[in-house]
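start_33.cif follows; it contains mmCIF, C-alpha atoms.
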```cif
data_entry
#
loop_
_atom_site.label_atom_id
_atom_site.label_comp_id
_atom_site.auth_asym_id
_atom_site.auth_seq_id
_atom_site.Cartn_x
_atom_site.Cartn_y
_atom_site.Cartn_z
CA MET A 193 -4.87 -0.91 54.29
CA GLU A 194 -7.49 0.07 51.72
CA TYR A 195 -9.80 -2.62 50.36
CA THR A 196 -8.71 -2.44 46.74
CA PRO A 197 -8.60 -5.43 44.37
CA GLN A 198 -4.80 -5.21 44.31
CA ASN A 199 -4.51 -5.26 48.10
CA LEU A 200 -7.02 -8.09 48.34
CA GLU A 201 -5.10 -10.18 45.81
CA PHE A 202 -1.90 -9.59 47.75
CA ALA A 203 -3.59 -10.61 51.02
CA VAL A 204 -4.97 -13.79 49.44
CA SER A 205 -1.47 -14.65 48.22
CA VAL A 206 -0.05 -14.09 51.71
CA PHE A 207 -2.81 -16.20 53.24
CA TYR A 208 -1.98 -19.17 51.01
CA ASN A 209 1.78 -18.77 50.73
CA GLY A 210 3.06 -16.64 53.61
CA GLU A 211 4.53 -17.48 56.99
CA GLN A 212 2.18 -18.53 59.77
CA PHE A 213 2.11 -15.14 61.51
CA ASP A 214 1.52 -13.27 58.24
CA ARG A 215 -1.15 -15.76 57.22
CA ALA A 216 -3.05 -15.15 60.45
CA LYS A 217 -2.95 -11.39 59.89
CA ALA A 218 -4.07 -11.82 56.27
CA HIS A 219 -6.96 -14.03 57.36
CA THR A 220 -8.17 -11.45 59.86
CA TRP A 221 -7.96 -8.67 57.28
CA LEU A 222 -9.65 -10.69 54.53
CA THR A 223 -12.48 -11.67 56.88
CA ALA A 224 -13.04 -8.03 57.79
CA ALA A 225 -13.07 -7.13 54.09
CA GLN A 226 -16.02 -9.45 53.54
CA ARG A 227 -18.19 -7.28 55.80
CA VAL A 228 -17.53 -3.86 54.28
CA PRO A 229 -20.06 -2.38 51.81
CA GLU A 230 -17.34 -2.06 49.15
CA ALA A 231 -17.27 -5.86 48.94
CA TRP A 232 -20.39 -5.79 46.74
CA LYS A 233 -18.21 -4.10 44.13
CA PHE A 234 -14.80 -5.71 44.45
CA VAL A 235 -16.14 -9.30 44.33
CA TRP A 236 -16.98 -8.91 40.64
CA GLU A 237 -13.51 -7.61 39.85
CA LEU A 238 -11.94 -10.56 41.67
CA LEU A 239 -14.25 -13.03 39.90
CA GLN A 240 -12.71 -12.33 36.51
CA PRO A 241 -11.63 -15.55 34.72
CA SER A 242 -8.10 -14.15 34.42
CA LYS A 243 -7.61 -14.28 38.20
CA GLY A 244 -6.12 -17.21 40.07
CA THR A 245 -8.32 -19.91 41.57
CA GLU A 246 -7.58 -18.82 45.14
CA ILE A 247 -8.68 -15.27 44.36
CA GLN A 248 -11.80 -16.45 42.54
CA PHE A 249 -12.72 -18.69 45.45
CA TYR A 250 -12.24 -15.86 47.94
CA ALA A 251 -14.48 -13.65 45.81
CA ALA A 252 -17.18 -16.33 45.55
CA THR A 253 -17.00 -16.95 49.30
CA THR A 254 -17.23 -13.21 49.97
CA LEU A 255 -20.29 -12.97 47.73
CA HIS A 256 -21.97 -15.77 49.66
CA THR A 257 -21.10 -14.10 52.97
CA LYS A 258 -22.51 -10.77 51.80
CA ILE A 259 -25.79 -12.35 50.71
CA LEU A 260 -26.11 -14.22 54.00
CA ARG A 261 -25.09 -11.51 56.45
CA CYS A 262 -25.39 -8.16 54.70
CA TRP A 263 -28.58 -8.58 52.71
CA ASN A 264 -29.98 -5.38 54.17
CA GLU A 265 -27.35 -3.46 52.18
CA VAL A 266 -29.04 -4.43 48.90
CA PRO A 267 -31.93 -2.14 47.89
CA PRO A 268 -34.92 -4.05 46.46
CA GLU A 269 -34.52 -2.23 43.16
CA ASN A 270 -31.07 -3.87 42.81
CA TYR A 271 -32.29 -7.45 43.25
CA GLU A 272 -32.73 -8.02 39.53
CA GLU A 273 -29.24 -6.74 38.73
CA LEU A 274 -27.73 -8.94 41.44
CA LYS A 275 -29.62 -11.96 40.12
CA GLU A 276 -28.32 -11.39 36.60
CA LYS A 277 -24.75 -11.01 37.84
CA LEU A 278 -25.05 -14.21 39.87
CA LEU A 279 -26.40 -16.17 36.92
CA GLN A 280 -23.68 -14.80 34.65
CA ALA A 281 -21.01 -15.80 37.16
CA VAL A 282 -22.47 -19.32 37.40
CA PHE A 283 -22.41 -19.60 33.60
CA THR A 284 -18.85 -18.26 33.43
CA TYR A 285 -17.59 -20.90 35.85
CA SER A 286 -19.75 -23.75 34.57
CA LYS A 287 -16.58 -25.67 33.65
CA GLY A 288 -14.83 -24.94 36.91
CA PRO A 289 -12.81 -24.61 38.98
CA LYS A 290 -15.25 -26.82 40.85
CA ILE A 291 -14.82 -25.09 44.21
CA VAL A 292 -15.68 -21.74 42.62
CA THR A 293 -18.68 -23.13 40.72
CA ASN A 294 -20.05 -24.76 43.86
CA ARG A 295 -19.69 -21.61 45.94
CA LEU A 296 -21.42 -19.53 43.27
CA CYS A 297 -24.30 -22.02 43.11
CA ILE A 298 -24.63 -21.78 46.88
CA SER A 299 -24.62 -17.98 46.59
CA LEU A 300 -27.44 -18.16 44.05
CA ALA A 301 -29.37 -20.45 46.40
CA ALA A 302 -28.88 -17.98 49.25
CA PHE A 303 -30.11 -15.16 46.99
CA ILE A 304 -33.26 -17.16 46.20
CA LEU A 305 -33.93 -17.87 49.88
CA GLN A 306 -33.37 -14.27 50.94
CA GLN A 307 -36.37 -13.40 48.78
CA GLY A 308 -38.54 -16.15 50.21
CA THR A 309 -38.06 -18.47 47.21
CA VAL A 310 -40.34 -16.26 45.14
CA ASP A 311 -40.92 -17.62 41.64
CA LEU A 312 -38.21 -20.28 41.77
CA ALA A 313 -38.95 -21.56 38.27
CA THR A 314 -38.52 -18.12 36.70
CA ILE A 315 -35.18 -17.48 38.41
CA LEU A 316 -33.80 -20.86 37.34
CA ARG A 317 -35.23 -20.84 33.82
CA PRO A 318 -31.93 -19.66 32.25
CA LEU A 319 -30.35 -22.87 33.61
CA SER A 320 -33.08 -25.11 32.19
CA THR A 321 -31.28 -26.08 29.00
CA MET A 322 -29.59 -29.34 28.11
CA GLU A 323 -26.07 -27.91 28.27
CA ASN A 324 -26.73 -26.39 31.70
CA THR A 325 -28.33 -29.45 33.30
CA SER A 326 -25.44 -30.04 35.70
CA LEU A 327 -25.60 -26.42 36.89
CA LEU A 328 -29.35 -26.61 37.41
CA LEU A 329 -29.03 -29.82 39.41
CA GLU A 330 -26.29 -28.34 41.57
CA VAL A 331 -28.32 -25.22 42.38
CA LEU A 332 -31.42 -27.31 43.10
CA THR A 333 -29.36 -29.59 45.34
CA VAL A 334 -27.96 -26.80 47.48
CA ILE A 335 -31.23 -24.86 47.94
CA PRO A 336 -32.63 -27.23 50.64
CA GLU A 337 -29.17 -27.52 52.19
CA GLU A 338 -28.86 -23.75 52.38
CA TYR A 339 -32.39 -23.48 53.76
CA ASN A 340 -31.48 -25.88 56.57
CA SER A 341 -28.25 -24.04 57.45
CA MET A 342 -29.18 -20.38 56.92
CA THR A 343 -30.03 -18.08 59.80
CA MET A 344 -33.28 -16.28 58.99
CA GLY A 345 -36.22 -14.76 60.78
CA SER A 346 -39.28 -16.85 61.54
CA ALA A 347 -41.41 -15.05 58.96
CA LEU A 348 -38.86 -15.57 56.18
CA ARG A 349 -38.34 -19.19 57.20
CA ALA A 350 -42.07 -19.84 57.10
CA LYS A 351 -42.30 -18.22 53.67
CA ASN A 352 -39.42 -20.30 52.34
CA CYS A 353 -40.80 -23.45 53.90
CA ALA A 354 -44.15 -23.00 52.17
CA ALA A 355 -42.52 -22.21 48.83
CA LEU A 356 -40.15 -25.18 49.00
CA GLN A 357 -42.96 -27.53 49.96
CA GLN A 358 -44.92 -26.33 46.96
CA ALA A 359 -41.95 -26.79 44.61
CA CYS A 360 -40.80 -30.14 46.01
CA PRO A 361 -43.14 -32.50 44.08
CA ALA A 362 -42.24 -30.87 40.76
CA VAL A 363 -38.51 -31.05 41.52
CA LEU A 364 -38.76 -34.74 42.43
CA ASP A 365 -40.74 -35.44 39.27
CA ASP A 366 -37.94 -33.80 37.30
CA MET A 367 -35.37 -35.98 39.06
CA LEU A 368 -37.38 -39.05 38.12
CA ARG A 369 -37.26 -37.97 34.47
CA TYR A 370 -33.49 -37.56 34.69
CA LEU A 371 -33.22 -41.08 36.12
CA GLN A 372 -35.35 -42.82 33.49
CA THR A 373 -32.30 -43.77 31.42
CA VAL A 374 -31.11 -46.13 34.17
CA TYR A 375 -33.59 -48.65 32.76
CA ILE A 376 -31.81 -48.83 29.39
CA GLU A 377 -30.01 -52.09 28.68
CA TYR A 378 -26.29 -51.34 28.55
CA SER A 379 -23.47 -53.40 27.11
CA ASP A 380 -20.94 -55.28 29.21
CA GLU A 381 -18.86 -52.11 29.34
CA GLY A 382 -21.61 -50.45 31.34
CA PRO A 383 -23.18 -47.01 30.95
CA PRO A 384 -21.14 -44.00 29.80
CA GLU A 385 -19.39 -42.05 32.53
CA ALA A 386 -21.39 -38.92 31.64
CA SER A 387 -24.63 -40.81 32.27
CA VAL A 388 -23.40 -42.11 35.61
CA GLN A 389 -22.40 -38.62 36.74
CA GLY A 390 -25.78 -37.26 35.66
CA TRP A 391 -27.62 -39.96 37.60
CA LEU A 392 -25.56 -39.29 40.70
CA ARG A 393 -26.31 -35.57 40.50
CA ALA A 394 -30.02 -36.30 40.12
CA ALA A 395 -29.93 -38.76 43.03
CA ASN A 396 -28.15 -36.24 45.25
CA CYS A 397 -30.70 -33.61 44.32
CA ALA A 398 -33.59 -35.95 45.09
CA TYR A 399 -32.03 -36.78 48.46
CA SER A 400 -31.64 -33.10 49.27
CA TRP A 401 -35.32 -32.37 48.62
CA LEU A 402 -36.54 -35.57 50.28
CA THR A 403 -34.79 -34.49 53.50
CA LEU A 404 -36.30 -31.02 53.69
CA GLY A 405 -37.65 -31.88 57.11
CA ASP A 406 -41.37 -31.88 56.30
CA GLU A 407 -43.00 -35.26 55.83
CA ASP A 408 -45.63 -33.85 53.49
CA ALA A 409 -43.26 -31.85 51.29
CA ALA A 410 -42.33 -34.71 48.98
CA GLY A 411 -45.89 -35.96 48.67
CA ALA A 412 -47.43 -39.25 49.70
CA LEU A 413 -45.16 -42.28 49.64
CA PRO A 414 -47.12 -44.06 46.86
CA ASP A 415 -46.50 -41.02 44.66
CA ARG A 416 -42.76 -41.43 45.22
CA LEU A 417 -42.56 -45.16 44.52
CA PRO A 418 -41.44 -44.66 40.88
CA LEU A 419 -38.61 -42.44 42.11
CA CYS A 420 -37.67 -44.99 44.78
CA ARG A 421 -37.64 -47.76 42.16
CA ALA A 422 -35.42 -45.69 39.88
CA LEU A 423 -33.00 -44.96 42.72
CA LEU A 424 -32.92 -48.63 43.69
CA HIS A 425 -32.29 -49.62 40.08
CA LEU A 426 -29.47 -47.07 39.95
CA VAL A 427 -27.87 -48.62 43.03
CA ARG A 428 -28.06 -52.08 41.47
CA LEU A 429 -26.68 -50.84 38.17
CA LEU A 430 -23.76 -49.04 39.79
CA TYR A 431 -23.13 -52.10 41.93
CA SER A 432 -22.87 -54.20 38.77
CA VAL A 433 -20.55 -51.62 37.23
CA PHE A 434 -18.36 -51.90 40.32
CA TYR A 435 -18.05 -55.64 39.76
CA ALA A 436 -17.10 -55.12 36.13
CA THR A 437 -14.53 -52.49 37.08
CA ALA A 438 -13.10 -54.67 39.80
CA TYR A 439 -12.83 -57.62 37.43
CA SER A 440 -11.08 -55.45 34.84
CA SER A 441 -8.59 -54.30 37.48
CA ILE A 442 -7.87 -57.86 38.56
CA HIS A 443 -7.47 -58.92 34.94
CA ASN A 444 -5.00 -56.11 34.31
CA ILE A 445 -3.01 -57.07 37.39
CA ILE A 446 -2.57 -60.58 36.07
CA LEU A 447 -2.26 -59.85 32.36
CA HIS A 448 0.04 -56.83 32.45
CA LYS A 449 1.73 -56.68 35.79
CA ASN A 450 2.67 -60.30 36.18
CA CYS A 451 3.87 -60.52 32.61
CA GLY A 452 6.30 -57.71 33.34
CA ALA A 453 4.59 -55.52 30.72
CA THR A 454 4.39 -52.51 33.04
CA PRO A 455 6.95 -50.96 35.41
CA ARG A 456 7.61 -53.20 38.39
CA ASN A 457 7.35 -50.29 40.82
CA GLN A 458 3.59 -50.57 40.33
CA ILE A 459 3.45 -53.93 42.12
CA GLU A 460 2.90 -52.34 45.54
CA PRO A 461 -0.21 -50.29 44.63
CA LEU A 462 -1.62 -53.30 42.79
CA ALA A 463 -1.06 -55.44 45.88
CA GLU A 464 -2.94 -52.82 47.88
CA LEU A 465 -5.83 -53.08 45.42
CA LEU A 466 -5.93 -56.86 45.78
CA LEU A 467 -5.91 -56.52 49.56
CA ALA A 468 -8.78 -54.02 49.47
CA LEU A 469 -10.80 -56.26 47.14
CA ASN A 470 -10.15 -59.26 49.38
CA ARG A 471 -11.33 -57.35 52.45
CA ALA A 472 -14.50 -56.19 50.72
CA GLU A 473 -17.80 -57.94 51.24
CA TRP A 474 -18.64 -59.48 47.88
CA ARG A 475 -22.35 -59.62 47.18
CA CYS A 476 -23.27 -60.44 43.64
CA PRO A 477 -26.29 -59.03 41.83
CA PRO A 478 -29.11 -61.45 40.93
CA GLY A 479 -28.23 -63.74 38.05
CA ALA A 480 -24.49 -63.36 38.50
CA ALA A 481 -22.23 -66.03 37.06
CA ALA A 482 -20.83 -68.73 39.35
CA GLU A 483 -17.37 -67.17 39.15
CA GLN A 484 -18.75 -63.88 40.45
CA ALA A 485 -20.65 -65.67 43.18
CA ALA A 486 -17.33 -67.10 44.37
CA GLY A 487 -16.02 -63.58 44.89
CA LEU A 488 -12.40 -62.65 44.34
CA ALA A 489 -11.25 -66.27 44.27
CA GLY A 490 -13.74 -67.12 41.52
CA TRP A 491 -12.70 -64.21 39.38
CA LEU A 492 -9.03 -64.97 39.80
CA ARG A 493 -9.66 -68.60 38.82
CA GLN A 494 -11.63 -67.50 35.76
CA ALA A 495 -8.95 -65.03 34.69
CA LEU A 496 -6.15 -67.57 35.10
CA ALA A 497 -8.01 -70.56 33.64
CA VAL A 498 -6.68 -70.10 30.11
CA ALA A 499 -3.73 -72.35 29.33
CA GLY A 500 -0.50 -70.42 28.82
CA PHE A 501 -1.94 -67.32 30.46
CA PRO A 502 -0.49 -64.97 31.65
CA THR A 503 2.65 -66.68 30.26
CA GLU A 504 3.77 -70.21 29.57
CA HIS A 505 5.95 -70.03 32.70
CA ALA A 506 2.91 -69.97 35.01
CA THR A 507 1.74 -73.54 35.51
CA ASP A 508 -1.53 -74.59 37.14
CA PRO A 509 0.19 -75.29 40.48
CA HIS A 510 1.71 -71.79 40.37
CA LYS A 511 -1.71 -70.27 39.69
CA HIS A 512 -3.43 -72.27 42.42
CA LYS A 513 -0.75 -71.27 44.91
CA PHE A 514 -1.09 -67.61 43.95
CA ILE A 515 -4.90 -67.61 44.24
CA ALA A 516 -4.84 -69.42 47.59
CA ALA A 517 -2.26 -67.01 49.01
CA VAL A 518 -4.16 -63.93 47.81
CA VAL A 519 -7.53 -65.09 49.14
CA LYS A 520 -6.03 -66.13 52.47
CA GLU A 521 -4.37 -62.78 53.15
CA LYS A 522 -6.77 -60.15 54.50
CA SER A 523 -4.56 -58.21 56.89
CA SER A 524 -0.89 -57.96 55.91
CA LYS A 525 0.03 -55.85 52.91
CA ARG A 526 3.63 -57.01 53.23
CA ARG A 527 2.76 -60.69 52.86
CA LEU A 528 0.42 -60.02 49.95
CA LEU A 529 3.11 -57.91 48.33
CA GLU A 530 5.48 -60.86 48.56
CA THR A 531 2.84 -63.12 46.98
CA VAL A 532 2.28 -60.77 44.04
CA GLN A 533 6.02 -60.26 43.61
CA GLU A 534 6.67 -64.00 43.58
CA PHE A 535 3.96 -64.67 41.00
CA SER A 536 5.34 -61.86 38.86
CA LEU A 537 8.74 -63.55 38.93
CA VAL A 538 7.12 -66.87 38.03
CA CYS A 539 5.38 -65.35 35.01
CA ARG A 540 8.63 -63.81 33.81
CA GLY A 541 10.51 -67.10 34.18
CA LEU A 542 12.83 -65.72 36.84
CA ILE A 543 11.84 -67.80 39.84
CA GLY A 544 14.82 -69.68 41.27
CA THR A 545 17.37 -67.21 39.92
CA GLU A 546 19.70 -65.05 41.99
CA TYR A 547 17.75 -61.99 40.85
CA ALA A 548 14.55 -63.54 42.21
CA ARG A 549 16.17 -64.36 45.55
CA GLN A 550 17.49 -60.82 45.93
CA THR A 551 14.16 -59.31 44.88
CA LEU A 552 12.16 -61.36 47.37
CA ALA A 553 14.69 -60.65 50.11
CA SER A 554 14.43 -56.91 49.49
CA ARG A 555 10.64 -57.11 49.66
CA GLN A 556 10.84 -58.76 53.06
CA LEU A 557 12.57 -55.63 54.36
CA VAL A 558 9.46 -53.56 53.59
CA ALA A 559 7.60 -52.84 56.83
#
```
Now, as a test, write the supplied structure out as structure tokens.
Amino acid sequence: MEYTPQNLEFAVSVFYNGEQFDRAKAHTWLTAAQRVPEAWKFVWELLQPSKGTEIQFYAATTLHTKILRCWNEVPPENYEELKEKLLQAVFTYSKGPKIVTNRLCISLAAFILQQGTVDLATILRPLSTMENTSLLLEVLTVIPEEYNSMTMGSALRAKNCAALQQACPAVLDDMLRYLQTVYIEYSDEGPPEASVQGWLRAANCAYSWLTLGDEDAAGALPDRLPLCRALLHLVRLLYSVFYATAYSSIHNIILHKNCGATPRNQIEPLAELLLALNRAEWRCPPGAAAEQAAGLAGWLRQALAVAGFPTEHATDPHKHKFIAAVVKEKSSKRRLLETVQEFSLVCRGLIGTEYARQTLASRQLVA
């Protein structure tokens, strides 16, 4: 069968949706298609935004394969054109699908390494704008990873090694600049999600370059102390955000679930959350309130301390019984589910009714 875009799209569809025998045949044919010279042409047709995600991903994977294994098919005079096409593809898929974006960034990294990482800053300059920061960080992150996994001759590896060692201090300095905002004082709601994602990308990039395999590449340890401090501060900040998120989840369980304000079929996943939180090792950040220092029990006590909360039906003995049962249970989801269900019935004023007896009996049948 001829390697046309139409035939390739059909084969991709068979691979994802066909019967097992047909899928195996499609896989063999698609793999062979990645090695033919025509692939340098059909990948760009398959990378059109109008194509399905599976087809786009196959095209991006094929492009990566061609750069890795068929680099000798590219004349040096075509390097610039290939670079521009790669950058344009990365821009086109900057908003996803994520699997396509990632594979294209890896392809760009492979292209850079096949040339011995010549003039890295110039190649990546089009990505060095505020709106393209996430793309730049992704490409920078995968360059060392691709270097460590690529098969290349000793001369090319030595050339890449020297170039990456030279670029490493500047890259790490850039990551430190990206991480400077972790020192800002944030409200109780914590930092914006966009900031957190940016910090995580910068941290991943720093890790990738710090693990290049050469002790001297990142510079002397004293030179990296500011970066280490920023990364440590990020860990502490995210740890604090976790506590705030966990507290909010617990509060919602008590306020909404046990008041009957949300569908009762959500009790089981909320019981699973309580079980996971109870199994976790609670270590509070410095200066944490006494309730946080007491872990899950302290937060539950704080949340339930208000008179008449969650409802007037829940008395102090009911609350104490609920907290004790939750904190005690670290292994059985079924028993914790019964505890949450019972407290929900208490808060709704249904405990002791026939409905409550039937509800609790049905829960006991859950394995």
Exercise. Which residue gives the smallest distance to A:Lys511 among A:Ser286, A:Asn396, A:Gln307, A:Ser536, with all atoms listed in the file counted?
Worked result: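 Closest to A:Lys511 of all the choices is A:Ser536.
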Problem set entry | Interatomic distance, atom CA of A:Phe249 to atom CA of A:Ala281 (Å, one decimal) | 12.1 Å
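Distance-wise, atom CA of A:Val206 and atom CA of A:Ile247 end up 11.4 Å apart.
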Seminar exercise, completed: Atom pair atom CA of A:Gln389 + atom CA of A:Ser242, distance 28.4 Å
For this session: I would like the residues chosen by the PyMOL selection byres ((chain A and resi 296) around 10) on the shown file; could you give them as a ChimeraX atom specification?
Result: /A:249,251-253,255-256,278-279,281-283,285-286,290-295,297-302,331
For this session: Identify all residues satisfying the PyMOL selection byres ((chain A and resi 223) around 12) in the given file; provide them as number ranges by chain.
Result: A: 195, 200, 203-204, 207, 216-222, 224-228, 231, 250-251, 253-254, 257-258
Exercise. Using all atoms listed in the file, which of the listed residues (A:Phe234, A:Phe213, A:Phe303, A:Tyr375) sits closest to A:Met342?
Worked result: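 Smallest separation from A:Met342 among the options: A:Phe303.
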Exercise. Hey, what's within 10 Å of A:Val518 if we count all atoms listed in the file and toss same-chain stuff fewer than 3 positions away? As a PyMOL selection string, please?
Worked result: chain A and resi 463+466-467+470+488-489+492+512-515+521-522+527-529+531-532
